[in-house]
Structures are given as structure tokens and as C-alpha cells.
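File shown here: run_18.txt, holding compact mmCIF, C-alpha atoms.
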```txt
# COMPACT_ATOMS: atom_id res chain seq x y z
CA MET A 1 16.26 -46.60 -27.28
CA SER A 2 13.39 -44.38 -26.01
CA ALA A 3 11.41 -42.45 -28.60
CA LEU A 4 8.74 -39.76 -28.59
CA LYS A 5 5.20 -40.84 -29.39
CA LYS A 6 4.12 -40.18 -32.99
CA GLU A 7 0.64 -38.71 -32.56
CA LEU A 8 0.51 -35.37 -34.40
CA GLY A 9 -1.65 -34.99 -37.50
CA LEU A 10 -1.90 -32.24 -40.09
CA TRP A 11 -4.51 -30.11 -38.30
CA GLN A 12 -2.87 -30.33 -34.86
CA GLY A 13 0.44 -29.32 -36.43
CA MET A 14 -1.12 -26.39 -38.26
CA GLY A 15 -2.78 -25.23 -35.03
CA LEU A 16 0.53 -25.47 -33.13
CA LEU A 17 2.38 -23.35 -35.65
CA ALA A 18 -0.33 -20.76 -36.37
CA THR A 19 -0.87 -19.98 -32.67
CA SER A 20 2.88 -19.80 -32.02
CA LEU A 21 3.24 -17.25 -34.85
CA LEU A 22 0.26 -15.17 -33.72
CA GLY A 23 1.21 -15.04 -30.05
CA THR A 24 1.01 -11.51 -28.66
CA GLY A 25 1.83 -9.98 -32.04
CA ILE A 26 -1.76 -10.09 -33.26
CA PHE A 27 -2.75 -7.47 -30.66
CA VAL A 28 0.11 -5.00 -31.28
CA VAL A 29 2.01 -5.45 -34.56
CA PRO A 30 -0.76 -4.58 -37.10
CA ALA A 31 -1.25 -1.16 -35.52
CA THR A 32 2.51 -0.63 -35.14
CA ALA A 33 3.05 -1.47 -38.82
CA ALA A 34 0.23 0.92 -39.81
CA SER A 35 1.79 3.75 -37.77
CA LEU A 36 5.14 3.18 -39.52
CA ALA A 37 4.01 2.70 -43.13
CA GLY A 38 0.33 3.71 -43.32
CA GLY A 39 -1.64 2.04 -46.11
CA ALA A 40 1.59 0.63 -47.54
CA SER A 41 1.73 -1.74 -44.54
CA LEU A 42 -0.82 -3.96 -46.33
CA TRP A 43 1.68 -4.40 -49.16
CA ALA A 44 4.40 -4.91 -46.54
CA TRP A 45 2.48 -7.91 -45.15
CA VAL A 46 2.20 -9.43 -48.61
CA LEU A 47 5.91 -8.83 -49.23
CA LEU A 48 6.83 -10.30 -45.83
CA ILE A 49 4.87 -13.50 -46.49
CA VAL A 50 6.58 -13.83 -49.88
CA LEU A 51 9.99 -13.35 -48.20
CA VAL A 52 9.25 -15.78 -45.35
CA LEU A 53 8.00 -18.53 -47.67
CA PRO A 54 11.54 -19.52 -48.82
CA ILE A 55 12.50 -19.97 -45.15
CA ALA A 56 9.32 -21.94 -44.50
CA PHE A 57 9.89 -24.11 -47.58
CA THR A 58 13.47 -24.79 -46.45
CA PHE A 59 12.32 -25.80 -42.97
CA ALA A 60 9.62 -27.96 -44.57
CA ARG A 61 12.08 -29.79 -46.83
CA LEU A 62 14.56 -30.29 -43.99
CA GLY A 63 11.83 -31.49 -41.62
CA ARG A 64 10.47 -33.91 -44.19
CA ARG A 65 13.89 -35.41 -44.86
CA TYR A 66 15.32 -35.24 -41.30
CA PRO A 67 12.43 -35.33 -38.77
CA HIS A 68 14.09 -35.07 -35.37
CA ALA A 69 13.27 -33.68 -31.90
CA GLY A 70 16.59 -31.81 -31.95
CA GLY A 71 15.05 -29.34 -34.42
CA ALA A 72 17.24 -26.61 -35.88
CA PRO A 73 20.41 -27.43 -33.85
CA HIS A 74 20.23 -31.05 -35.02
CA LEU A 75 19.98 -29.92 -38.66
CA ILE A 76 22.91 -27.53 -38.17
CA GLY A 77 24.90 -30.39 -36.61
CA LEU A 78 24.21 -32.64 -39.60
CA ALA A 79 25.64 -29.99 -41.91
CA PHE A 80 28.53 -28.56 -39.90
CA GLY A 81 29.34 -31.05 -37.11
CA ASN A 82 28.75 -31.50 -33.38
CA GLY A 83 30.46 -28.23 -32.44
CA ALA A 84 28.01 -26.21 -34.55
CA GLU A 85 25.09 -28.19 -33.10
CA ARG A 86 26.16 -27.44 -29.53
CA PHE A 87 26.69 -23.76 -30.36
CA SER A 88 23.28 -23.33 -32.02
CA ALA A 89 21.59 -25.23 -29.17
CA PHE A 90 23.31 -22.87 -26.72
CA LEU A 91 22.05 -19.83 -28.66
CA PHE A 92 18.52 -21.24 -28.74
CA LEU A 93 18.45 -22.13 -25.04
CA ALA A 94 19.99 -18.77 -24.10
CA VAL A 95 16.66 -17.15 -25.03
CA LEU A 96 14.95 -19.09 -22.25
CA PRO A 97 15.96 -16.89 -19.25
CA VAL A 98 14.88 -13.62 -20.93
CA GLY A 99 12.41 -14.25 -23.76
CA LEU A 100 9.99 -16.61 -22.04
CA PRO A 101 9.65 -14.57 -18.81
CA ALA A 102 8.75 -11.55 -20.95
CA ALA A 103 6.05 -13.56 -22.72
CA LEU A 104 4.74 -14.81 -19.36
CA THR A 105 4.56 -11.23 -18.09
CA ILE A 106 2.62 -10.13 -21.19
CA ALA A 107 0.22 -13.08 -20.77
CA ALA A 108 -0.45 -12.19 -17.13
CA GLY A 109 -0.96 -8.57 -18.16
CA PHE A 110 -4.19 -9.46 -19.97
CA TRP A 111 -5.75 -10.35 -16.60
CA HIS A 112 -4.24 -7.21 -15.09
CA ALA A 113 -6.41 -5.25 -17.57
CA LEU A 114 -9.52 -6.75 -15.92
CA PHE A 115 -8.51 -6.81 -12.26
CA ASP A 116 -6.32 -4.65 -10.06
CA MET A 117 -3.37 -6.93 -9.25
CA GLY A 118 -0.08 -6.54 -7.45
CA GLU A 119 3.28 -7.78 -8.70
CA TRP A 120 3.20 -11.03 -6.75
CA THR A 121 -0.35 -11.80 -7.89
CA LEU A 122 0.86 -11.47 -11.47
CA TRP A 123 3.80 -13.74 -10.54
CA ALA A 124 1.27 -16.32 -9.28
CA ILE A 125 -0.57 -16.17 -12.64
CA GLN A 126 2.73 -16.79 -14.40
CA LEU A 127 3.33 -19.74 -12.10
CA LEU A 128 -0.11 -21.16 -12.95
CA THR A 129 0.70 -20.70 -16.64
CA LEU A 130 3.85 -22.79 -16.20
CA LEU A 131 1.77 -25.40 -14.39
CA GLY A 132 -0.61 -25.51 -17.36
CA VAL A 133 2.34 -26.07 -19.72
CA PHE A 134 3.56 -28.87 -17.44
CA LEU A 135 0.17 -30.61 -17.39
CA LEU A 136 -0.12 -30.36 -21.18
CA GLY A 137 3.43 -31.64 -21.52
CA LEU A 138 2.58 -34.72 -19.46
CA ARG A 139 -0.16 -35.64 -21.92
CA GLY A 140 2.06 -35.44 -24.99
CA ALA A 141 2.16 -33.44 -28.22
CA ARG A 142 -1.32 -34.38 -29.42
CA SER A 143 -3.02 -32.68 -26.42
CA SER A 144 -1.02 -29.50 -27.07
CA GLY A 145 -1.89 -29.69 -30.75
CA ASN A 146 -5.63 -30.13 -30.10
CA LEU A 147 -5.75 -27.23 -27.62
CA GLN A 148 -3.79 -24.90 -29.88
CA LEU A 149 -5.91 -25.84 -32.87
CA LEU A 150 -8.97 -24.70 -30.87
CA ILE A 151 -7.20 -21.45 -29.97
CA ALA A 152 -6.27 -20.88 -33.63
CA LEU A 153 -9.89 -21.49 -34.68
CA ALA A 154 -11.11 -19.06 -31.98
CA ILE A 155 -8.73 -16.35 -33.25
CA LEU A 156 -9.81 -17.07 -36.82
CA GLY A 157 -13.46 -16.86 -35.74
CA LEU A 158 -12.80 -13.51 -34.05
CA THR A 159 -11.08 -12.29 -37.22
CA LEU A 160 -14.11 -13.25 -39.35
CA LEU A 161 -16.43 -11.50 -36.87
CA ILE A 162 -14.32 -8.35 -37.17
CA TRP A 163 -14.45 -8.61 -40.97
CA PHE A 164 -18.25 -8.82 -41.13
CA LYS A 165 -19.12 -6.62 -38.14
CA GLY A 166 -16.62 -4.00 -39.27
CA ASP A 167 -18.28 -3.86 -42.69
CA LEU A 168 -15.03 -4.56 -44.45
CA GLY A 169 -14.88 -5.24 -48.18
CA TRP A 170 -12.26 -5.84 -50.80
CA ARG A 171 -12.52 -2.17 -51.79
CA ASP A 172 -10.95 -1.31 -48.42
CA ALA A 173 -8.00 -3.53 -49.36
CA ALA A 174 -7.47 -1.79 -52.71
CA GLN A 175 -4.44 0.20 -51.60
CA PRO A 176 -2.36 1.79 -54.37
CA LEU A 177 1.08 0.37 -55.00
CA PRO A 178 3.66 1.94 -52.65
CA THR A 179 5.56 4.88 -54.07
CA GLU A 180 9.33 5.17 -54.03
CA ALA A 181 9.07 7.56 -51.08
CA GLN A 182 7.19 4.92 -49.04
CA TRP A 183 9.79 2.15 -49.43
CA PRO A 184 12.02 3.31 -46.50
CA ALA A 185 8.98 3.31 -44.18
CA MET A 186 8.00 -0.14 -45.46
CA GLY A 187 11.53 -1.38 -44.69
CA THR A 188 11.25 -0.11 -41.11
CA ALA A 189 7.83 -1.75 -40.76
CA LEU A 190 9.15 -5.05 -42.18
CA ALA A 191 11.89 -5.15 -39.52
CA VAL A 192 9.16 -5.04 -36.84
CA MET A 193 6.77 -7.37 -38.65
CA PHE A 194 9.42 -10.06 -39.19
CA TRP A 195 9.07 -11.09 -35.54
CA CYS A 196 5.52 -12.23 -36.19
CA PHE A 197 7.07 -15.15 -38.08
CA VAL A 198 9.65 -16.11 -35.45
CA GLY A 199 8.50 -19.54 -34.28
CA LEU A 200 9.42 -21.77 -37.19
CA GLU A 201 12.55 -22.93 -35.36
CA ALA A 202 10.49 -23.99 -32.32
CA PHE A 203 8.07 -25.93 -34.53
CA ALA A 204 11.03 -27.81 -36.04
CA HIS A 205 11.40 -29.73 -32.76
CA MET A 206 7.97 -31.34 -33.27
CA GLY A 207 8.88 -33.08 -36.56
CA GLU A 208 9.65 -36.43 -34.92
CA GLU A 209 6.14 -36.60 -33.39
CA PHE A 210 4.14 -36.46 -36.64
CA LYS A 211 2.43 -39.67 -37.68
CA ARG A 212 3.43 -39.03 -41.31
CA PRO A 213 6.23 -36.41 -41.15
CA GLU A 214 7.11 -36.72 -44.84
CA ARG A 215 3.60 -35.52 -45.77
CA ASP A 216 2.01 -33.70 -42.82
CA TYR A 217 4.99 -31.75 -41.43
CA PRO A 218 5.62 -29.57 -44.52
CA LEU A 219 1.88 -29.07 -45.12
CA ALA A 220 1.31 -28.06 -41.48
CA LEU A 221 4.25 -25.66 -41.60
CA LEU A 222 3.22 -23.93 -44.82
CA GLY A 223 -0.48 -23.93 -43.89
CA GLY A 224 0.30 -22.40 -40.48
CA VAL A 225 2.41 -19.64 -42.06
CA LEU A 226 -0.30 -18.73 -44.60
CA LEU A 227 -3.09 -18.83 -41.99
CA ALA A 228 -1.16 -16.57 -39.60
CA GLY A 229 -0.28 -14.21 -42.47
CA LEU A 230 -3.93 -13.92 -43.53
CA ILE A 231 -5.06 -13.13 -39.98
CA TYR A 232 -2.37 -10.45 -39.57
CA TRP A 233 -3.33 -8.89 -42.92
CA ILE A 234 -7.04 -8.70 -42.02
CA HIS A 235 -6.29 -7.12 -38.63
CA SER A 236 -4.07 -4.57 -40.35
CA LEU A 237 -6.84 -3.76 -42.81
CA VAL A 238 -9.40 -3.09 -40.08
CA VAL A 239 -6.93 -1.05 -38.00
CA LEU A 240 -6.28 1.15 -41.05
CA LYS A 241 -9.99 1.58 -41.83
CA TYR A 242 -10.86 2.75 -38.30
CA GLY A 243 -7.67 4.77 -37.80
CA LEU A 244 -6.72 2.89 -34.62
CA TYR A 245 -2.98 3.53 -34.78
CA GLY A 246 -0.55 6.26 -33.87
CA ASP A 247 1.63 6.46 -30.77
CA GLU A 248 2.81 3.46 -28.73
CA ALA A 249 -0.12 3.56 -26.29
CA THR A 250 -2.68 3.71 -29.12
CA ASN A 251 -1.00 0.81 -30.93
CA ALA A 252 -0.97 -1.35 -27.79
CA THR A 253 -4.73 -0.90 -27.27
CA ALA A 254 -5.83 -0.92 -30.93
CA ILE A 255 -7.54 -4.33 -30.98
CA PRO A 256 -9.24 -3.94 -27.55
CA ALA A 257 -10.48 -0.50 -28.66
CA LEU A 258 -11.75 -1.97 -31.93
CA LEU A 259 -13.63 -4.78 -30.18
CA SER A 260 -15.18 -2.32 -27.71
CA LEU A 261 -16.27 -0.20 -30.66
CA LEU A 262 -17.81 -3.17 -32.52
CA PHE A 263 -19.18 -5.27 -29.66
CA GLY A 264 -19.52 -2.95 -26.67
CA PRO A 265 -17.63 -2.65 -23.34
CA THR A 266 -18.01 -6.35 -22.45
CA ALA A 267 -15.58 -7.11 -25.29
CA LYS A 268 -12.70 -6.51 -22.87
CA TRP A 269 -13.38 -9.99 -21.46
CA LEU A 270 -13.08 -11.45 -24.93
CA VAL A 271 -9.77 -9.63 -25.43
CA ALA A 272 -8.43 -10.80 -22.07
CA ILE A 273 -9.36 -14.46 -22.62
CA LEU A 274 -8.21 -14.68 -26.25
CA GLY A 275 -5.11 -12.61 -25.55
CA TYR A 276 -4.08 -14.84 -22.67
CA LEU A 277 -4.79 -18.03 -24.64
CA SER A 278 -2.83 -16.73 -27.62
CA CYS A 279 0.15 -15.97 -25.36
CA PHE A 280 -0.23 -19.34 -23.65
CA ALA A 281 -0.14 -21.12 -27.01
CA SER A 282 3.07 -19.36 -28.03
CA ILE A 283 4.70 -20.02 -24.63
CA ASN A 284 3.62 -23.67 -24.72
CA ILE A 285 5.18 -24.51 -28.09
CA TYR A 286 8.45 -22.81 -27.14
CA LEU A 287 8.75 -24.57 -23.80
CA GLN A 288 7.80 -27.91 -25.33
CA GLY A 289 10.36 -27.24 -28.09
CA PHE A 290 13.07 -26.44 -25.55
CA ALA A 291 12.25 -29.66 -23.69
CA ARG A 292 12.51 -31.74 -26.86
CA LEU A 293 15.85 -30.20 -27.77
CA ILE A 294 17.27 -31.05 -24.33
CA TRP A 295 15.75 -34.55 -24.43
CA SER A 296 17.21 -35.17 -27.88
CA MET A 297 20.71 -34.10 -26.85
CA ALA A 298 20.50 -36.22 -23.67
CA ARG A 299 19.36 -39.24 -25.70
CA GLU A 300 22.46 -38.89 -27.88
CA GLY A 301 24.80 -38.55 -24.89
CA LYS A 302 25.48 -34.82 -25.34
CA LEU A 303 23.77 -33.97 -22.02
CA PRO A 304 23.27 -36.05 -18.83
CA VAL A 305 21.28 -39.20 -19.65
CA SER A 306 18.86 -38.50 -16.79
CA LEU A 307 17.33 -35.72 -18.94
CA SER A 308 16.18 -38.30 -21.52
CA ARG A 309 13.53 -39.83 -19.22
CA LEU A 310 10.04 -39.96 -20.74
CA SER A 311 6.61 -39.93 -19.09
CA ALA A 312 4.16 -42.82 -19.36
CA ARG A 313 2.61 -41.10 -22.41
CA GLY A 314 5.98 -40.69 -24.16
CA ALA A 315 6.60 -37.01 -23.28
CA PRO A 316 10.08 -35.66 -22.32
CA LEU A 317 9.23 -35.24 -18.63
CA ALA A 318 12.67 -34.69 -17.08
CA ALA A 319 13.74 -32.15 -19.72
CA LEU A 320 10.43 -30.26 -19.42
CA CYS A 321 10.80 -30.05 -15.62
CA TRP A 322 14.30 -28.64 -16.05
CA VAL A 323 13.05 -26.01 -18.53
CA LEU A 324 10.17 -24.97 -16.25
CA VAL A 325 12.47 -24.65 -13.22
CA ILE A 326 14.70 -22.25 -15.20
CA CYS A 327 11.61 -20.24 -16.16
CA LEU A 328 10.43 -20.12 -12.55
CA VAL A 329 13.83 -18.89 -11.31
CA SER A 330 13.99 -16.34 -14.14
CA ILE A 331 10.55 -14.79 -13.56
CA THR A 332 11.29 -14.55 -9.84
CA LEU A 333 14.67 -12.86 -10.37
CA ILE A 334 13.27 -10.49 -13.01
CA LEU A 335 10.46 -9.44 -10.66
CA TRP A 336 12.84 -9.04 -7.73
CA LEU A 337 15.51 -7.12 -9.66
CA LYS A 338 12.94 -5.19 -11.78
CA LEU A 339 14.87 -5.88 -14.99
CA PRO A 340 13.78 -4.07 -18.20
CA LEU A 341 12.01 -6.89 -20.03
CA ASP A 342 11.42 -4.98 -23.25
CA GLU A 343 15.14 -4.40 -23.78
CA LEU A 344 16.04 -7.97 -22.88
CA ILE A 345 13.56 -9.46 -25.33
CA ARG A 346 14.73 -7.16 -28.14
CA TYR A 347 18.33 -8.23 -27.65
CA ALA A 348 17.28 -11.89 -27.48
CA ASN A 349 15.69 -11.53 -30.94
CA GLY A 350 19.17 -11.55 -32.47
CA ASN A 351 19.58 -15.15 -31.27
CA PHE A 352 16.58 -16.27 -33.30
CA VAL A 353 17.83 -14.69 -36.52
CA LEU A 354 21.30 -16.16 -36.00
CA VAL A 355 19.80 -19.64 -35.49
CA TYR A 356 17.67 -19.09 -38.63
CA LEU A 357 20.77 -18.08 -40.57
CA LEU A 358 22.73 -21.17 -39.47
CA CYS A 359 19.76 -23.44 -40.23
CA MET A 360 19.30 -21.99 -43.72
CA ALA A 361 23.04 -22.43 -44.33
CA ALA A 362 22.61 -26.05 -43.21
CA GLY A 363 19.77 -26.39 -45.72
CA TRP A 364 22.08 -25.12 -48.47
CA ARG A 365 24.53 -27.92 -47.64
CA LEU A 366 22.04 -30.72 -47.01
CA LEU A 367 19.50 -30.13 -49.79
CA GLY A 368 19.77 -30.35 -53.55
CA GLY A 369 17.99 -28.89 -56.55
CA MET A 370 15.29 -26.31 -55.82
CA GLY A 371 15.71 -26.82 -52.06
CA LYS A 372 19.33 -25.69 -52.29
CA GLY A 373 18.31 -22.55 -54.21
CA LEU A 374 15.57 -21.68 -51.68
CA ALA A 375 17.99 -22.20 -48.79
CA GLY A 376 20.55 -19.91 -50.44
CA LEU A 377 17.91 -17.21 -50.92
CA SER A 378 16.89 -17.65 -47.27
CA VAL A 379 20.51 -17.17 -46.15
CA LEU A 380 20.58 -13.79 -47.92
CA LEU A 381 17.26 -12.80 -46.32
CA CYS A 382 18.47 -13.71 -42.82
CA LEU A 383 21.73 -11.79 -43.40
CA ALA A 384 19.71 -8.72 -44.40
CA VAL A 385 17.56 -8.96 -41.26
CA LEU A 386 20.67 -9.47 -39.11
CA VAL A 387 22.22 -6.29 -40.53
CA ALA A 388 18.95 -4.39 -40.05
CA LEU A 389 18.88 -5.32 -36.35
CA ALA A 390 22.16 -3.45 -35.74
CA SER A 391 22.82 -3.08 -31.98
CA GLN A 392 20.03 -5.54 -31.09
CA VAL A 393 22.39 -8.35 -32.15
CA LEU A 394 24.67 -7.42 -29.23
CA TYR A 395 23.24 -10.11 -26.93
CA ALA A 396 23.89 -12.83 -29.53
CA VAL A 397 27.39 -11.47 -30.24
CA LEU A 398 28.32 -11.44 -26.54
CA LEU A 399 26.93 -14.94 -26.07
CA SER A 400 28.86 -16.17 -29.12
CA ALA A 401 32.10 -14.59 -27.84
CA GLY A 402 31.56 -16.07 -24.37
CA TYR A 403 30.82 -19.50 -25.82
CA GLY A 404 33.94 -19.30 -28.01
CA LEU A 405 36.18 -18.37 -25.06
CA PHE A 406 34.68 -21.16 -22.93
CA SER A 407 35.21 -23.71 -25.73
CA LEU A 408 38.82 -22.55 -26.15
CA TRP A 409 39.42 -22.88 -22.40
CA ARG A 410 37.97 -26.40 -22.42
CA ARG A 411 40.18 -27.46 -25.35
CA MET A 412 43.30 -26.07 -23.68
CA ARG A 413 42.39 -27.78 -20.43
CA ARG A 414 41.82 -31.10 -22.26
CA ARG A 415 45.16 -30.83 -24.05
CA ARG A 416 46.93 -30.06 -20.76
CA ARG A 417 45.31 -33.07 -19.11
CA LEU A 418 46.26 -35.33 -22.02
CA HIS A 419 49.80 -33.97 -21.91
CA ASP A 420 50.03 -34.58 -18.15
CA GLU A 421 48.63 -38.08 -18.54
CA GLY A 422 51.13 -38.78 -21.34
CA SER A 423 54.02 -37.48 -19.25
CA LEU A 424 52.93 -39.59 -16.27
CA SER A 425 52.61 -42.66 -18.48
CA ALA A 426 56.12 -42.08 -19.89
CA ILE A 427 57.57 -41.79 -16.37
CA LYS A 428 55.89 -45.02 -15.31
CA SER A 429 57.17 -46.76 -18.44
CA ARG A 430 60.78 -45.66 -17.70
CA GLN A 431 60.42 -46.78 -14.10
CA SER A 432 59.18 -50.18 -15.20
CA ALA A 433 62.04 -50.51 -17.69
CA THR A 434 64.57 -49.59 -14.97
CA ARG A 435 63.21 -52.31 -12.69
```

Could you write out this file's structure as C-alpha cells?
Amino acid sequence: MSALKKELGLWQGMGLLATSLLGTGIFVVPATAASLAGGASLWAWVLLIVLVLPIAFTFARLGRRYPHAGGAPHLIGLAFGNGAERFSAFLFLAVLPVGLPAALTIAAGFWHALFDMGEWTLWAIQLLTLLGVFLLGLRGARSSGNLQLLIALAILGLTLLIWFKGDLGWRDAAQPLPTEAQWPAMGTALAVMFWCFVGLEAFAHMGEEFKRPERDYPLALLGGVLLAGLIYWIHSLVVLKYGLYGDEATNATAIPALLSLLFGPTAKWLVAILGYLSCFASINIYLQGFARLIWSMAREGKLPVSLSRLSARGAPLAALCWVLVICLVSITLILWLKLPLDELIRYANGNFVLVYLLCMAAGWRLLGGMGKGLAGLSVLLCLAVLVALASQVLYAVLLSAGYGLFSLWRRMRRRRRLHDEGSLSAIKSRQSATR
């Protein structure tokens, strides 16, 4: 049986996860959180990291015990059966036509800030981005890990430069404890900030490719979460100190404005390059994760076996090509139809939380001892976030209803076919007996 190449180490894994969590959020979310909760947003980041850690620990324990390219759907299948695995895989893959094109558009937008570009030029940049993901995918997980580790180090280096150049000190971080009146605003900010830590489910697909998954996978996951959390907290601190937050336009340009203030007008090149690379890293791990999920299901006979073909370097080539073709069709249709990407991506967020919820419930069934307790706590956290999303869960609800109706139709059709085959067999038996 074909198998993915085990070539990821601790540092490559940490780089993969940290860059996937940072993504585009590092340039927008700190200022957005500050505009919602003011100085209390620093406490909100600390609280968020504390709340996310149970989910991260649960993923770490599950990944250490069941390292598999199928990721979260495979874990859900182990706990609740093949039907639950197929449903969660469907929810995960249903993000592909809307979520990834939005990320590609944001990535191309960093170059649009430097040069005057038309829509089809931006489409060409998105196409080149997909080509870059394809070339990295051909070389295997280690190449992606090395590149994303470099991107993570570059973002960390930029963060340290901001800390020292911005004359920040621990006195600036000494915010008073939030008052009772600030808690509602902190809750609103937390709902936005939670999306900075969406990416754990994509990283789960890489577990099978670690050299020592029982040791390095959980350490990489927890280290990546803490590194990303620290970077977000520092950026929030500097945004608060310089007052670079307010309306939506101010929040979107907070980090570029800060860099221009600290390093001069040429800093816009630094923003464009790092912003694009950060987006590319997030896009890469998601697309590679999608490819590994499809490859895993094909290997187990749940999808056409042709999708389980590997490249010479042990990468899921056929599945990755299929994923990239869907992305290409999606970005073309979205450009042609001028669909509202911001609304689509917000509705797609409900899918991620639902997959998280199912995976944490799977952890509650599969793990014992402290792991079971952490998974149970994580289930409650995911339920709270799901309720907080309100109407944004509509996309996931409609997909779930559609999937349920399709499954019901398939079962009824199978029963009818079996009934017809049984009736035909009985007729033939009577005819043979008559003869």
C-alpha cells in the first residue's frame, strides 16, 4: 500500500502551523480587536490562548495516538463511524470553493497596493500562487515546512523589530484588569479573534508525515499555537500604543501605517512581500491538507482509487491536482460573477467550528483520563462559539441539510435496487422450479 513520506521534523511542523494561524489575520485582527475592546483586548488575547489550549491539547493527543493523513474526518470516523467521517470530510471540503478563493484574492491584493492592476492581472497572480503551491506539493511536506518556517521566522523578526523600534516596554503591557462593563466588548472581540486560531484542523492532516509523530507532532502543534499567540499579542500592544485603530479602513491599514511610521515610506514593500508570503503560507497548508484528505479517502476506497496516486517524492499528486483545478474554476467564476467574497468566507467559517466540534466530541470518545476531560471542555467551547456565530452558521446548516437529504435519497435508491434484484431473483427461481 502506498504511503506518504515521513520527513517532517519539529521545527518544520511548528513553522507550518504558526504561519497557517497568522495568515492574513496578523495585518487586520489586532487593530479590529483594539477597536472593539480597547486596552482590554490584550487580556482578550491571553484569555483566547487559554481557551484554545484545550482544543490544541486534544488535537495533539489525538494526533500522537492516531497519526493519519485523513486528519479531523478520520478521527471523527474512528469515533462515530464511516458516515460521520464522510459528512465531516464533506463539510471540510465544502470550504474549498469559497474560503480559498477569498484568501487568494487577499494575497493578490498585497501586490495591488504597490501596482495599479486590473481584475484579470490579479487573477493571473492568483494563478501563479496556485502554481507555487503545486510546485511545493511536488517536492513533499518537508519543502513546505522549510519554506513556512522561514516565513514564520521573518514575521517573528519583523515583530521583534517593531518591539524595539517602537520603544515598547512591559509598562505598556500593564493594562488594568477588565471591568465588568468591558466584558461584553471582550466577548465580541473574542468572536472575531477566534478565527486567528482556525487552522488546527488543516495541520491535523500532516500527522502521518512526521518522522516521530508521537513526540514531534504535539510539540509542533502547541509550539505553533503559542508562537502565533505571542506575535498577535505584541502586534496588538503596538497598535494600542500608537492608536492605529478605529473604523474598518483604519484597521485594515494599521500595520502598513505603523511600518511606514517606524521605517519610512519604503516599508510598503516590506508589508507587501511579508503579507503575500503570510497569505501564501496559509493557503499552502490548507490546499496540501485538502489534498491529503482526498488521498487518504481514495487509499481506503472511499473515493476513486486514481486519486491515491503519489509523485516520485511521495506527495499526493493526483489529489493535489484535483484540489487546484477546483480552486482555479472557483476563482474564475467568482471574478466573472463578482460574488461577495467577504460574506461567503464568513458563512464558511461555520463549517470550521462544526468540524472542530465533531473532532472534539471524537476526542471525548477516543481518549481517556485527562485527555477526555480536555476534549469535553473543548466541546463546550466550540458549542459556545457556534452559538455566538448565529446566522453565520447558515452555510453549514444548509450544507448539512443538503447532505442529509442526498444520503437519504441514496439509501432509498439502494433499498429499491436491492428489492428489485430480490424480486427478479425470486421470479427466476420460480421459473427454474417450474421447468

So that each row is one residue of region 25-103 of chain A with an atom at most 9 Å from region 252-268 of chain A, can you give its shortest atom pair and the distance in Å to one decimal, using all atoms listed in the file, rows by chain and rising number, as CSV?
```
residue,atom,partner,partner_atom,distance
A:Ile26,CA,A:Ile255,CA,8.5
A:Phe27,CA,A:Ile255,CA,5.7
A:Val28,CA,A:Ala252,CA,5.2
A:Val29,CA,A:Ala252,CA,8.5
A:Pro30,CA,A:Ala254,CA,8.8
A:Ala31,CA,A:Ala254,CA,6.5
A:Thr32,CA,A:Ala252,CA,8.2
```

Do you know which residues are at most 12 Å from Leu221 (chain A) counting only C-alpha atoms, after dropping those on the same chain fewer than 4 positions away, and could you put them as JSON, numbers by chain? {"A": [9, 10, 11, 12, 13, 14, 15, 16, 17, 18, 19, 20, 21, 52, 53, 54, 55, 56, 57, 58, 59, 60, 61, 62, 63, 64, 197, 199, 200, 201, 202, 203, 204, 206, 207, 210, 213, 214, 215, 216, 217, 225, 226, 227, 228]}

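Distance-wise, CA of Gly39 (chain A) and CA of Pro184 (chain A) end up 13.7 Å apart.
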
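One finds CA of Ala272 (chain A) at 6.1 Å from CA of Trp111 (chain A).
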
Of the candidates A:Leu240, A:Leu130, A:Leu333, A:Leu8, which shows the shortest atom-to-atom distance to Asn146 (chain A), using all atoms listed in the file? A:Leu8

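Residue nearest Pro316 (chain A), chosen from A:Arg292, A:Lys338, A:Lys241, A:Arg142 and counting all atoms listed in the file: A:Arg292.
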
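Distance check against Glu119 (chain A) using only C-alpha atoms: of A:Trp295, A:Trp336, A:Trp364, A:Trp43, the minimum falls on A:Trp336.
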
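Once only C-alpha atoms are considered, the residues situated within 8 Å of the file point (3.8, -12.6, -12.0) turn out to be Leu104, Thr105, Ala108, Glu119, Trp120, Thr121, Leu122, Trp123, Ala124, Ile125, Gln126, Leu127, Ile331 and Leu335 of chain A.
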
Residues at most 9 Å from region 68-76 of chain A, counting only C-alpha atoms, excluding those fewer than 3 positions away in the same chain, as an MDAnalysis selection string? chainID A and resid 4 59 62:63 79:82 84:90 92 201:209 289 292:297 355:356 358:363 366

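For the set A:Val98, A:Leu161, A:Leu277, A:Ala154, the residue with the smallest atom-to-atom gap to Thr332 (chain A) is A:Val98, counting only C-alpha atoms.
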
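Those residues that approach Ile106 (chain A) to within 8 Å, counting all atoms listed in the file, are A:Thr24, A:Ala102, A:Ala103, A:Gly109, A:Phe110, A:Cys279; same-chain residues fewer than 3 positions away are not listed.
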
With 10 Å as the threshold, what does the neighbourhood of (-7.8, -14.5, -38.7) contain in terms of residues, counting all atoms listed in the file? Coordinates are those of the file; answer as a list in words. Leu22, Ile26, Ala152, Leu153, Ala154, Ile155, Leu156, Gly157, Leu158, Thr159, Leu160, Leu161, Ile162, Trp163, Leu227, Ala228, Gly229, Leu230, Ile231, Tyr232, Trp233, Ile234 and His235 of chain A

Residue nearest Gln182 (chain A) - candidates A:Asn351, A:Ser41, A:Ser378, A:Ser407, atoms counted: all atoms listed in the file: A:Ser41

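The residue set within 9 Å of Leu317 (chain A), counting all atoms listed in the file and dropping same-chain residues fewer than 4 places from it, reads Phe134, Gly137, Leu138, Ala291, Trp295, Leu307, Ser308, Arg309, Leu310, Ser311, Cys321 and Trp322 of chain A.
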
To one decimal in Å, tell me the separation between CA of Met370 (chain A) and CA of Phe352 (chain A). 24.7 Å

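With distances taken over all atoms listed in the file, A:Leu237 is the one residue among A:Leu237, A:Cys196, A:Val305, A:Leu96 lying closest to Leu168 (chain A).
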
For region 377-385 of chain A, take all atoms listed in the file, fit an axis-aligned box around them, add 8 Å to each of the six sides, then output centre and edge lengths in Å rounded to one decimal, as JSON.
```
{"center_x": 19.3, "center_y": -13.2, "center_z": -46.1, "size_x": 20.8, "size_y": 24.9, "size_z": 25.7}
```
